[in-house]
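A.B. asks: Okay, so here is work23.cif, and as you'll see once you scroll down, it has mmCIF, C-alpha atoms.
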data_data
#
loop_
_atom_site.group_PDB
_atom_site.id
_atom_site.type_symbol
_atom_site.label_atom_id
_atom_site.label_comp_id
_atom_site.auth_asym_id
_atom_site.auth_seq_id
_atom_site.Cartn_x
_atom_site.Cartn_y
_atom_site.Cartn_z
ATOM 1 C CA MET A 1 66.483 14.063 -88.716
ATOM 2 C CA THR A 2 64.766 14.658 -92.060
ATOM 3 C CA ILE A 3 63.461 11.711 -94.035
ATOM 4 C CA ASP A 4 61.110 11.255 -96.970
ATOM 5 C CA ALA A 5 58.431 8.969 -95.526
ATOM 6 C CA ARG A 6 57.664 7.596 -98.984
ATOM 7 C CA THR A 7 60.970 5.756 -98.988
ATOM 8 C CA LEU A 8 59.886 3.813 -95.896
ATOM 9 C CA LEU A 9 56.524 2.654 -97.247
ATOM 10 C CA PRO A 10 57.876 -0.690 -98.553
ATOM 11 C CA ILE A 11 59.381 -1.465 -95.141
ATOM 12 C CA ALA A 12 56.194 -0.508 -93.310
ATOM 13 C CA ASP A 13 54.169 -2.588 -95.766
ATOM 14 C CA ARG A 14 56.333 -5.660 -95.108
ATOM 15 C CA ALA A 15 56.092 -5.135 -91.352
ATOM 16 C CA VAL A 16 52.305 -5.027 -91.534
ATOM 17 C CA SER A 17 52.265 -8.157 -93.718
ATOM 18 C CA ILE A 18 54.103 -9.987 -90.944
ATOM 19 C CA ALA A 19 51.537 -8.755 -88.439
ATOM 20 C CA SER A 20 48.560 -9.597 -90.629
ATOM 21 C CA GLU A 21 49.709 -13.174 -91.107
ATOM 22 C CA ILE A 22 49.921 -13.690 -87.354
ATOM 23 C CA ILE A 23 46.435 -12.236 -86.808
ATOM 24 C CA ARG A 24 44.931 -14.414 -89.547
ATOM 25 C CA THR A 25 46.540 -17.671 -88.506
ATOM 26 C CA LYS A 26 46.772 -17.679 -84.706
ATOM 27 C CA ALA A 27 44.031 -18.058 -82.109
ATOM 28 C CA PRO A 28 43.800 -15.303 -79.475
ATOM 29 C CA GLY A 29 45.371 -17.570 -76.819
ATOM 30 C CA ILE A 30 45.847 -16.471 -73.233
ATOM 31 C CA ILE A 31 44.125 -13.212 -72.348
ATOM 32 C CA THR A 32 45.991 -10.706 -70.166
ATOM 33 C CA ALA A 33 43.887 -8.212 -68.207
ATOM 34 C CA LYS A 34 45.164 -4.627 -68.524
ATOM 35 C CA GLY A 35 42.432 -3.046 -66.423
ATOM 36 C CA ASP A 36 38.683 -2.866 -66.084
ATOM 37 C CA ARG A 37 37.260 -4.491 -69.258
ATOM 38 C CA ASP A 38 40.552 -3.926 -71.067
ATOM 39 C CA MET A 39 42.686 -6.811 -72.257
ATOM 40 C CA ALA A 40 45.411 -8.045 -74.570
ATOM 41 C CA THR A 41 45.722 -11.447 -76.206
ATOM 42 C CA GLU A 42 48.733 -13.599 -77.017
ATOM 43 C CA VAL A 43 48.325 -12.403 -80.591
ATOM 44 C CA ASP A 44 48.676 -8.750 -79.531
ATOM 45 C CA TYR A 45 52.026 -9.544 -77.938
ATOM 46 C CA ALA A 46 53.169 -11.853 -80.762
ATOM 47 C CA VAL A 47 52.482 -9.178 -83.368
ATOM 48 C CA GLU A 48 54.205 -6.457 -81.374
ATOM 49 C CA HIS A 49 57.303 -8.608 -80.799
ATOM 50 C CA ALA A 50 57.536 -9.611 -84.470
ATOM 51 C CA VAL A 51 57.073 -6.091 -85.828
ATOM 52 C CA ARG A 52 59.437 -4.562 -83.273
ATOM 53 C CA GLU A 53 62.135 -7.087 -84.186
ATOM 54 C CA PHE A 54 61.677 -6.538 -87.927
ATOM 55 C CA LEU A 55 61.749 -2.745 -87.704
ATOM 56 C CA SER A 56 64.723 -2.701 -85.347
ATOM 57 C CA ARG A 57 66.689 -4.554 -88.041
ATOM 58 C CA GLU A 58 65.425 -2.548 -90.999
ATOM 59 C CA THR A 59 65.353 0.928 -89.416
ATOM 60 C CA PRO A 60 67.557 0.890 -86.291
ATOM 61 C CA GLU A 61 67.735 4.701 -86.312
ATOM 62 C CA ILE A 62 63.969 5.037 -85.774
ATOM 63 C CA GLY A 63 62.340 4.617 -82.368
ATOM 64 C CA PHE A 64 59.420 2.319 -81.668
ATOM 65 C CA LEU A 65 56.283 2.650 -79.556
ATOM 66 C CA GLY A 66 53.926 -0.305 -79.164
ATOM 67 C CA GLU A 67 50.602 -0.253 -77.355
ATOM 68 C CA GLU A 68 51.397 -3.272 -75.210
ATOM 69 C CA GLU A 69 55.040 -2.820 -74.181
ATOM 70 C CA GLY A 70 55.939 0.799 -74.890
ATOM 71 C CA GLY A 71 59.299 1.475 -76.497
ATOM 72 C CA SER A 72 62.087 3.889 -77.196
ATOM 73 C CA HIS A 73 61.959 7.571 -78.132
ATOM 74 C CA PRO A 74 65.131 8.633 -79.976
ATOM 75 C CA GLY A 75 66.415 12.169 -80.029
ATOM 76 C CA ASN A 76 65.997 12.438 -83.799
ATOM 77 C CA GLY A 77 62.209 12.716 -83.407
ATOM 78 C CA LEU A 78 61.299 9.733 -85.596
ATOM 79 C CA MET A 79 59.198 6.946 -84.113
ATOM 80 C CA TRP A 80 57.120 4.034 -85.327
ATOM 81 C CA ALA A 81 53.773 3.704 -83.507
ATOM 82 C CA LEU A 82 52.082 0.300 -83.577
ATOM 83 C CA ASP A 83 48.721 -0.992 -82.477
ATOM 84 C CA PRO A 84 49.264 -4.733 -82.954
ATOM 85 C CA VAL A 85 45.559 -5.603 -82.884
ATOM 86 C CA ASP A 86 43.339 -2.574 -83.075
ATOM 87 C CA GLY A 87 39.933 -3.815 -81.995
ATOM 88 C CA THR A 88 41.049 -6.556 -79.601
ATOM 89 C CA ALA A 89 37.549 -6.993 -78.158
ATOM 90 C CA ASN A 90 36.201 -7.531 -81.678
ATOM 91 C CA PHE A 91 39.013 -9.997 -82.418
ATOM 92 C CA LEU A 92 38.233 -11.988 -79.278
ATOM 93 C CA HIS A 93 34.565 -12.268 -80.251
ATOM 94 C CA GLY A 94 35.225 -13.262 -83.846
ATOM 95 C CA ILE A 95 34.055 -9.903 -85.201
ATOM 96 C CA PRO A 96 36.117 -9.120 -88.326
ATOM 97 C CA LEU A 97 36.400 -5.390 -87.553
ATOM 98 C CA CYS A 98 39.987 -5.472 -86.315
ATOM 99 C CA GLY A 99 43.463 -5.104 -87.727
ATOM 100 C CA VAL A 100 46.982 -3.801 -87.395
ATOM 101 C CA SER A 101 47.888 -0.107 -87.507
ATOM 102 C CA LEU A 102 51.464 1.125 -88.058
ATOM 103 C CA GLY A 103 52.311 4.809 -88.305
ATOM 104 C CA LEU A 104 55.512 6.820 -88.543
ATOM 105 C CA ILE A 105 55.633 9.975 -86.435
ATOM 106 C CA ASP A 106 58.104 12.754 -87.215
ATOM 107 C CA LYS A 107 58.319 14.803 -84.004
ATOM 108 C CA ASP A 108 54.607 15.529 -83.473
ATOM 109 C CA THR A 109 53.208 14.732 -86.923
ATOM 110 C CA PRO A 110 52.299 11.420 -88.588
ATOM 111 C CA THR A 111 53.956 11.141 -92.009
ATOM 112 C CA LEU A 112 53.272 7.520 -92.989
ATOM 113 C CA GLY A 113 50.596 4.964 -92.239
ATOM 114 C CA VAL A 114 49.741 1.374 -93.088
ATOM 115 C CA ILE A 115 46.546 -0.267 -91.853
ATOM 116 C CA ASP A 116 45.603 -3.854 -92.625
ATOM 117 C CA LEU A 117 42.236 -5.460 -91.906
ATOM 118 C CA PRO A 118 43.076 -9.159 -92.325
ATOM 119 C CA PHE A 119 39.557 -10.552 -92.163
ATOM 120 C CA LEU A 120 38.225 -7.995 -94.670
ATOM 121 C CA ASN A 121 41.169 -8.295 -97.088
ATOM 122 C CA LEU A 122 41.803 -4.552 -96.999
ATOM 123 C CA ARG A 123 45.207 -2.864 -96.934
ATOM 124 C CA TYR A 124 45.482 0.918 -96.625
ATOM 125 C CA LEU A 125 48.696 2.882 -97.253
ATOM 126 C CA ALA A 126 49.581 6.558 -97.180
ATOM 127 C CA ALA A 127 52.667 8.738 -96.984
ATOM 128 C CA GLU A 128 52.952 12.488 -96.802
ATOM 129 C CA GLY A 129 52.631 13.955 -100.285
ATOM 130 C CA ALA A 130 51.961 10.585 -101.936
ATOM 131 C CA GLY A 131 48.193 10.141 -101.586
ATOM 132 C CA ALA A 132 46.190 7.408 -99.886
ATOM 133 C CA PHE A 133 45.430 3.951 -101.264
ATOM 134 C CA ALA A 134 43.251 0.923 -100.523
ATOM 135 C CA ASN A 135 44.411 -2.348 -102.080
ATOM 136 C CA GLY A 136 46.440 -0.342 -104.585
ATOM 137 C CA SER A 137 43.690 2.043 -105.714
ATOM 138 C CA GLU A 138 43.724 5.717 -104.756
ATOM 139 C CA ILE A 139 40.972 6.750 -102.351
ATOM 140 C CA ARG A 140 39.273 10.040 -101.538
ATOM 141 C CA VAL A 141 37.104 11.338 -98.731
ATOM 142 C CA SER A 142 33.365 11.662 -99.350
ATOM 143 C CA ASP A 143 31.742 14.786 -100.777
ATOM 144 C CA ILE A 144 28.917 14.913 -98.221
ATOM 145 C CA ARG A 145 27.963 18.497 -97.359
ATOM 146 C CA GLU A 146 25.269 18.212 -94.683
ATOM 147 C CA LEU A 147 25.187 16.451 -91.322
ATOM 148 C CA GLU A 148 21.657 15.242 -92.041
ATOM 149 C CA THR A 149 22.989 12.985 -94.805
ATOM 150 C CA ALA A 150 26.211 11.986 -93.034
ATOM 151 C CA ILE A 151 27.210 8.727 -91.382
ATOM 152 C CA VAL A 152 29.434 9.536 -88.397
ATOM 153 C CA ALA A 153 31.491 7.019 -86.436
ATOM 154 C CA VAL A 154 32.234 7.602 -82.765
ATOM 155 C CA GLY A 155 35.033 6.104 -80.696
ATOM 156 C CA ASP A 156 34.507 3.543 -77.966
ATOM 157 C CA TYR A 157 33.222 4.678 -74.608
ATOM 158 C CA ALA A 158 35.774 4.774 -71.818
ATOM 159 C CA VAL A 159 36.405 1.893 -69.417
ATOM 160 C CA GLY A 160 38.591 1.717 -66.341
ATOM 161 C CA GLU A 161 39.387 4.472 -63.868
ATOM 162 C CA ASN A 162 36.919 7.386 -63.804
ATOM 163 C CA ALA A 163 34.997 5.854 -66.718
ATOM 164 C CA ASP A 164 31.696 7.391 -65.614
ATOM 165 C CA GLU A 165 33.159 10.882 -65.556
ATOM 166 C CA ARG A 166 35.067 10.418 -68.801
ATOM 167 C CA ASN A 167 31.970 9.120 -70.551
ATOM 168 C CA GLN A 168 29.848 12.185 -69.771
ATOM 169 C CA PRO A 169 31.121 14.140 -72.805
ATOM 170 C CA ARG A 170 30.988 11.015 -74.984
ATOM 171 C CA LEU A 171 27.350 10.380 -74.114
ATOM 172 C CA ALA A 172 26.424 14.037 -74.497
ATOM 173 C CA LEU A 173 28.057 14.155 -77.903
ATOM 174 C CA THR A 174 26.332 10.948 -79.008
ATOM 175 C CA LYS A 175 22.992 12.456 -78.016
ATOM 176 C CA GLU A 176 23.627 15.605 -80.058
ATOM 177 C CA LEU A 177 24.786 13.607 -83.069
ATOM 178 C CA ALA A 178 21.748 11.329 -82.896
ATOM 179 C CA ALA A 179 19.512 14.355 -83.317
ATOM 180 C CA ARG A 180 21.438 15.704 -86.318
ATOM 181 C CA VAL A 181 23.159 13.080 -88.456
ATOM 182 C CA GLN A 182 21.762 10.381 -90.686
ATOM 183 C CA ARG A 183 23.311 7.532 -88.681
ATOM 184 C CA ILE A 184 25.885 6.963 -85.907
ATOM 185 C CA ARG A 185 28.261 3.992 -86.053
ATOM 186 C CA MET A 186 30.666 2.516 -83.487
ATOM 187 C CA PHE A 187 33.048 0.033 -85.108
ATOM 188 C CA GLY A 188 35.346 -0.521 -82.129
ATOM 189 C CA SER A 189 38.563 0.262 -84.009
ATOM 190 C CA ALA A 190 40.188 3.667 -84.408
ATOM 191 C CA ALA A 191 42.089 2.406 -87.447
ATOM 192 C CA ILE A 192 38.861 1.422 -89.195
ATOM 193 C CA ASP A 193 37.169 4.690 -88.256
ATOM 194 C CA LEU A 194 39.919 6.767 -89.831
ATOM 195 C CA ALA A 195 40.535 4.495 -92.821
ATOM 196 C CA TRP A 196 36.859 4.498 -93.693
ATOM 197 C CA VAL A 197 36.692 8.286 -93.502
ATOM 198 C CA ALA A 198 39.618 8.310 -95.928
ATOM 199 C CA GLU A 199 37.865 5.866 -98.235
ATOM 200 C CA GLY A 200 34.534 7.674 -98.103
ATOM 201 C CA ARG A 201 32.663 4.740 -96.551
ATOM 202 C CA ILE A 202 31.731 7.066 -93.702
ATOM 203 C CA ASP A 203 31.724 10.841 -93.664
ATOM 204 C CA ALA A 204 33.230 11.722 -90.288
ATOM 205 C CA ASN A 205 34.741 10.225 -87.181
ATOM 206 C CA ILE A 206 34.908 11.661 -83.657
ATOM 207 C CA MET A 207 37.162 10.118 -81.023
ATOM 208 C CA LEU A 208 37.620 11.806 -77.663
ATOM 209 C CA SER A 209 41.063 10.250 -77.365
ATOM 210 C CA ASN A 210 44.385 10.385 -79.193
ATOM 211 C CA ASN A 211 46.785 7.560 -78.367
ATOM 212 C CA PRO A 212 49.565 7.585 -80.999
ATOM 213 C CA TRP A 213 49.307 3.850 -81.699
ATOM 214 C CA ASP A 214 45.571 4.293 -82.340
ATOM 215 C CA THR A 215 45.658 7.378 -84.524
ATOM 216 C CA ALA A 216 49.034 7.945 -86.219
ATOM 217 C CA ALA A 217 48.448 5.731 -89.255
ATOM 218 C CA GLY A 218 44.816 6.692 -89.696
ATOM 219 C CA VAL A 219 45.422 10.425 -89.409
ATOM 220 C CA ILE A 220 47.929 10.554 -92.279
ATOM 221 C CA LEU A 221 45.703 8.231 -94.313
ATOM 222 C CA ALA A 222 42.705 10.519 -93.825
ATOM 223 C CA ARG A 223 44.693 13.666 -94.578
ATOM 224 C CA GLU A 224 46.208 12.258 -97.754
ATOM 225 C CA ALA A 225 42.699 11.273 -98.886
ATOM 226 C CA GLY A 226 41.531 14.860 -98.494
ATOM 227 C CA ALA A 227 39.927 14.764 -95.035
ATOM 228 C CA THR A 228 40.318 17.546 -92.509
ATOM 229 C CA VAL A 229 41.675 16.257 -89.188
ATOM 230 C CA ILE A 230 41.296 18.494 -86.148
ATOM 231 C CA ASP A 231 41.198 18.698 -82.351
ATOM 232 C CA LEU A 232 38.100 19.547 -80.298
ATOM 233 C CA ASP A 233 38.472 23.297 -80.781
ATOM 234 C CA GLY A 234 38.936 23.051 -84.538
ATOM 235 C CA SER A 235 42.728 23.495 -84.463
ATOM 236 C CA PRO A 236 44.864 21.184 -86.632
ATOM 237 C CA HIS A 237 45.304 17.737 -85.130
ATOM 238 C CA SER A 238 48.674 16.650 -83.745
ATOM 239 C CA MET A 239 49.858 13.819 -81.544
ATOM 240 C CA THR A 240 49.329 16.042 -78.500
ATOM 241 C CA SER A 241 45.694 16.854 -79.332
ATOM 242 C CA HIS A 242 42.976 15.919 -76.850
ATOM 243 C CA ALA A 243 40.729 14.352 -79.475
ATOM 244 C CA THR A 244 40.800 13.075 -83.046
ATOM 245 C CA ILE A 245 38.149 14.368 -85.423
ATOM 246 C CA ALA A 246 38.352 13.519 -89.122
ATOM 247 C CA ALA A 247 35.755 14.519 -91.665
ATOM 248 C CA SER A 248 34.896 15.509 -95.182
ATOM 249 C CA PRO A 249 36.018 19.160 -95.361
ATOM 250 C CA LYS A 250 32.483 20.339 -96.091
ATOM 251 C CA LEU A 251 31.246 18.919 -92.785
ATOM 252 C CA VAL A 252 33.941 20.326 -90.526
ATOM 253 C CA ALA A 253 32.334 23.679 -89.733
ATOM 254 C CA ASP A 254 29.048 22.054 -88.725
ATOM 255 C CA LEU A 255 30.844 19.450 -86.604
ATOM 256 C CA VAL A 256 32.902 22.087 -84.797
ATOM 257 C CA GLU A 257 29.714 24.048 -84.091
ATOM 258 C CA LEU A 258 27.936 20.939 -82.773
ATOM 259 C CA ILE A 259 30.864 20.054 -80.528
ATOM 260 C CA ALA A 260 31.063 23.627 -79.233
ATOM 261 C CA GLU A 261 27.373 23.533 -78.329
ATOM 262 C CA THR A 262 27.882 20.276 -76.464
ATOM 263 C CA ARG A 263 30.925 21.605 -74.632
ATOM 264 C CA GLU A 264 28.828 24.391 -73.162
ATOM 265 C CA SER A 265 26.848 21.877 -71.129
ATOM 266 C CA VAL A 266 29.565 19.308 -70.355
ATOM 267 C CA VAL A 267 33.160 19.763 -69.163
ATOM 268 C CA PHE A 268 35.134 18.270 -72.053
ATOM 269 C CA SER A 269 38.560 19.361 -70.922
ATOM 270 C CA ARG A 270 38.650 17.231 -67.771
ATOM 271 C CA ASN A 271 40.539 14.049 -68.595
ATOM 272 C CA ILE A 272 38.557 12.920 -71.640
ATOM 273 C CA ALA A 273 41.421 10.894 -73.093
ATOM 274 C CA GLU A 274 41.487 7.125 -72.716
#
Would you give me this structure, written as structure tokens?

C.D. replies:
Amino acid sequence: MTIDARTLLPIADRAVSIASEIIRTKAPGIITAKGDRDMATEVDYAVEHAVREFLSRETPEIGFLGEEEGGSHPGNGLMWALDPVDGTANFLHGIPLCGVSLGLIDKDTPTLGVIDLPFLNLRYLAAEGAGAFANGSEIRVSDIRELETAIVAVGDYAVGENADERNQPRLALTKELAARVQRIRMFGSAAIDLAWVAEGRIDANIMLSNNPWDTAAGVILAREAGATVIDLDGSPHSMTSHATIAASPKLVADLVELIAETRESVVFSRNIAE
């Protein structure tokens, strides 16, 4: 099924507005444990239910995948991917670095994304071929050329099963970055990491994971803002990639080289994904 993602931006924007209102106005409520140090709140489930219901009415031909309750995968290859509260741990602790992330995936490629950060009053939108925007203004990736002057965000460390093993490459990479870049940041939200690369607030982001609800919206946002988005080996990023690396194009070669050096001493390929 072929569809111009730009035509669906108004629907995605309305869906995210519904989600944002719930996040802003409801307390976290009952916490449901999903595993070791991993949890969901009542708000996570309330947002996912509300957005799923809205999109099933507005776009019944498009599948839906939510972080908390999964979803359907239609044969036409189109699927919404939702993280109802990206940064749940931040949300629980009253840290405003959290929000809702809604992407549209066409087969293996994100083509539309809307990210809203309710407590920062920031709304990001992008669709393939239409550019990337923050609160209505077009945004572009930074022009940083050297790692020594770059601020690089890294994804959360792993928790749960085999966390120690899965964190070996994360810790090794953090060590290498600390010796090379201006500053490292960990915001606790994949949506923020990617949106802020797109907006030029940070210069690169490295996540050794690639869950579609985490990355779909942010990847298209970063790409439309001029960022290069790749996998660990430097190949173009897709929804089946092992990792999600987004950066100012002028930093990509140095980042790939740094990651390759780190991979020589640590086994990256062994179950790094969260």

A.B. asks: For the file shown, what are the residues hit by the PyMOL selection byres ((chain A and resi 183) around 10), laid out as a list in words?

C.D. replies: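 Residues picked by the PyMOL selection byres ((chain A and resi 183) around 10): Leu147, Glu148, Thr149, Ala150, Ile151, Val152, Ala153, Leu177, Ala178, Ala179, Arg180, Val181, Gln182, Ile184, Arg185 and Ile202 of chain A.
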
A.B. asks: For the residues selected in the previous step, produce a file with C-alpha atoms as a JSON list (two decimals), in the coordinates of the input.

C.D. replies:
[["chain", "number", "residue", "atom", "x", "y", "z"],
["A", 147, "LEU", "CA", 25.19, 16.45, -91.32],
["A", 148, "GLU", "CA", 21.66, 15.24, -92.04],
["A", 149, "THR", "CA", 22.99, 12.98, -94.80],
["A", 150, "ALA", "CA", 26.21, 11.99, -93.03],
["A", 151, "ILE", "CA", 27.21, 8.73, -91.38],
["A", 152, "VAL", "CA", 29.43, 9.54, -88.40],
["A", 153, "ALA", "CA", 31.49, 7.02, -86.44],
["A", 177, "LEU", "CA", 24.79, 13.61, -83.07],
["A", 178, "ALA", "CA", 21.75, 11.33, -82.90],
["A", 179, "ALA", "CA", 19.51, 14.36, -83.32],
["A", 180, "ARG", "CA", 21.44, 15.70, -86.32],
["A", 181, "VAL", "CA", 23.16, 13.08, -88.46],
["A", 182, "GLN", "CA", 21.76, 10.38, -90.69],
["A", 184, "ILE", "CA", 25.88, 6.96, -85.91],
["A", 185, "ARG", "CA", 28.26, 3.99, -86.05],
["A", 202, "ILE", "CA", 31.73, 7.07, -93.70]]

A.B. asks: Return the single residue from A:Ile144, A:Asp214, A:Ser248, A:Thr25 that is closest to Pro84 in chain A, with distances computed using all atoms listed in the file.

C.D. replies: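 Ranking A:Ile144, A:Asp214, A:Ser248, A:Thr25 by distance to Pro84 in chain A, first place goes to A:Asp214.
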
A.B. asks: What is the CA of Ser189 in chain A-CA of Asp86 in chain A distance in Å, reported with one decimal?

C.D. replies: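 Separation between CA of Ser189 in chain A and CA of Asp86 in chain A: 5.6 Å.
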
A.B. asks: Between CA of Arg145 in chain A and CA of Tyr124 in chain A, what is the distance, to one decimal in Å?

C.D. replies: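 One can read the CA of Arg145 in chain A to CA of Tyr124 in chain A distance as 24.8 Å.
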
A.B. asks: Could you jot down the CA of Pro96 in chain A to CA of Tyr45 in chain A separation for me, Å, one decimal place?

C.D. replies: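 One can read the CA of Pro96 in chain A to CA of Tyr45 in chain A distance as 19.0 Å.
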
A.B. asks: Of the candidates A:Ala40, A:Leu78, A:Ala12, A:Val141, which shows the shortest atom-to-atom distance to Phe54 in chain A, using only C-alpha atoms?

C.D. replies: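 Comparing A:Ala40, A:Leu78, A:Ala12, A:Val141 against Phe54 in chain A, the winner is A:Ala12.
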
A.B. asks: Return the padded bounding box of range 207-215 of chain A as AutoDock Vina command-line options: axis-aligned, built from all atoms listed in the file, 3 Å added on each side, with centre and edge lengths in Å to one decimal.

C.D. replies:
--center_x 43.4 --center_y 7.8 --center_z -80.9 --size_x 18.4 --size_y 14.0 --size_z 13.2

A.B. asks: May I have the residues within 12 Å of Thr88 in chain A as JSON, numbers by chain, using all atoms listed in the file and disregarding those fewer than 2 positions away in the same chain?

C.D. replies: {"A": [23, 28, 31, 32, 33, 34, 37, 38, 39, 40, 41, 42, 43, 44, 45, 67, 68, 83, 84, 85, 86, 90, 91, 92, 93, 94, 95, 96, 97, 98, 99, 100, 187, 188, 189, 190, 191]}

A.B. asks: For Asp143 in chain A, list every protein, DNA or RNA residue within 12 Å, evaluated using all atoms listed in the file, and leave out those in the same chain fewer than 5 positions away; present the list as an mmCIF file with C-alpha atoms, in the coordinates of the input.

C.D. replies:
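For reference, selection-v2.cif as written:
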data_model
loop_
_atom_site.group_PDB
_atom_site.id
_atom_site.type_symbol
_atom_site.label_atom_id
_atom_site.label_comp_id
_atom_site.auth_asym_id
_atom_site.auth_seq_id
_atom_site.Cartn_x
_atom_site.Cartn_y
_atom_site.Cartn_z
ATOM 1 C CA THR A 149 22.989 12.985 -94.805
ATOM 2 C CA ALA A 150 26.211 11.986 -93.034
ATOM 3 C CA VAL A 197 36.692 8.286 -93.502
ATOM 4 C CA ALA A 198 39.618 8.310 -95.928
ATOM 5 C CA GLU A 199 37.865 5.866 -98.235
ATOM 6 C CA GLY A 200 34.534 7.674 -98.103
ATOM 7 C CA ARG A 201 32.663 4.740 -96.551
ATOM 8 C CA ILE A 202 31.731 7.066 -93.702
ATOM 9 C CA ASP A 203 31.724 10.841 -93.664
ATOM 10 C CA ALA A 204 33.230 11.722 -90.288
ATOM 11 C CA ALA A 225 42.699 11.273 -98.886
ATOM 12 C CA GLY A 226 41.531 14.860 -98.494
ATOM 13 C CA ALA A 227 39.927 14.764 -95.035
ATOM 14 C CA ALA A 247 35.755 14.519 -91.665
ATOM 15 C CA SER A 248 34.896 15.509 -95.182
ATOM 16 C CA PRO A 249 36.018 19.160 -95.361
ATOM 17 C CA LYS A 250 32.483 20.339 -96.091
ATOM 18 C CA LEU A 251 31.246 18.919 -92.785
ATOM 19 C CA VAL A 252 33.941 20.326 -90.526
#

A.B. asks: Pull out every residue that the PyMOL selection byres ((chain A and resi 257-265) around 10) matches in the shown coordinates and put them as a PyMOL selection string.

C.D. replies: chain A and resi 169-170+172-177+180+206+232-234+252-256+266-269
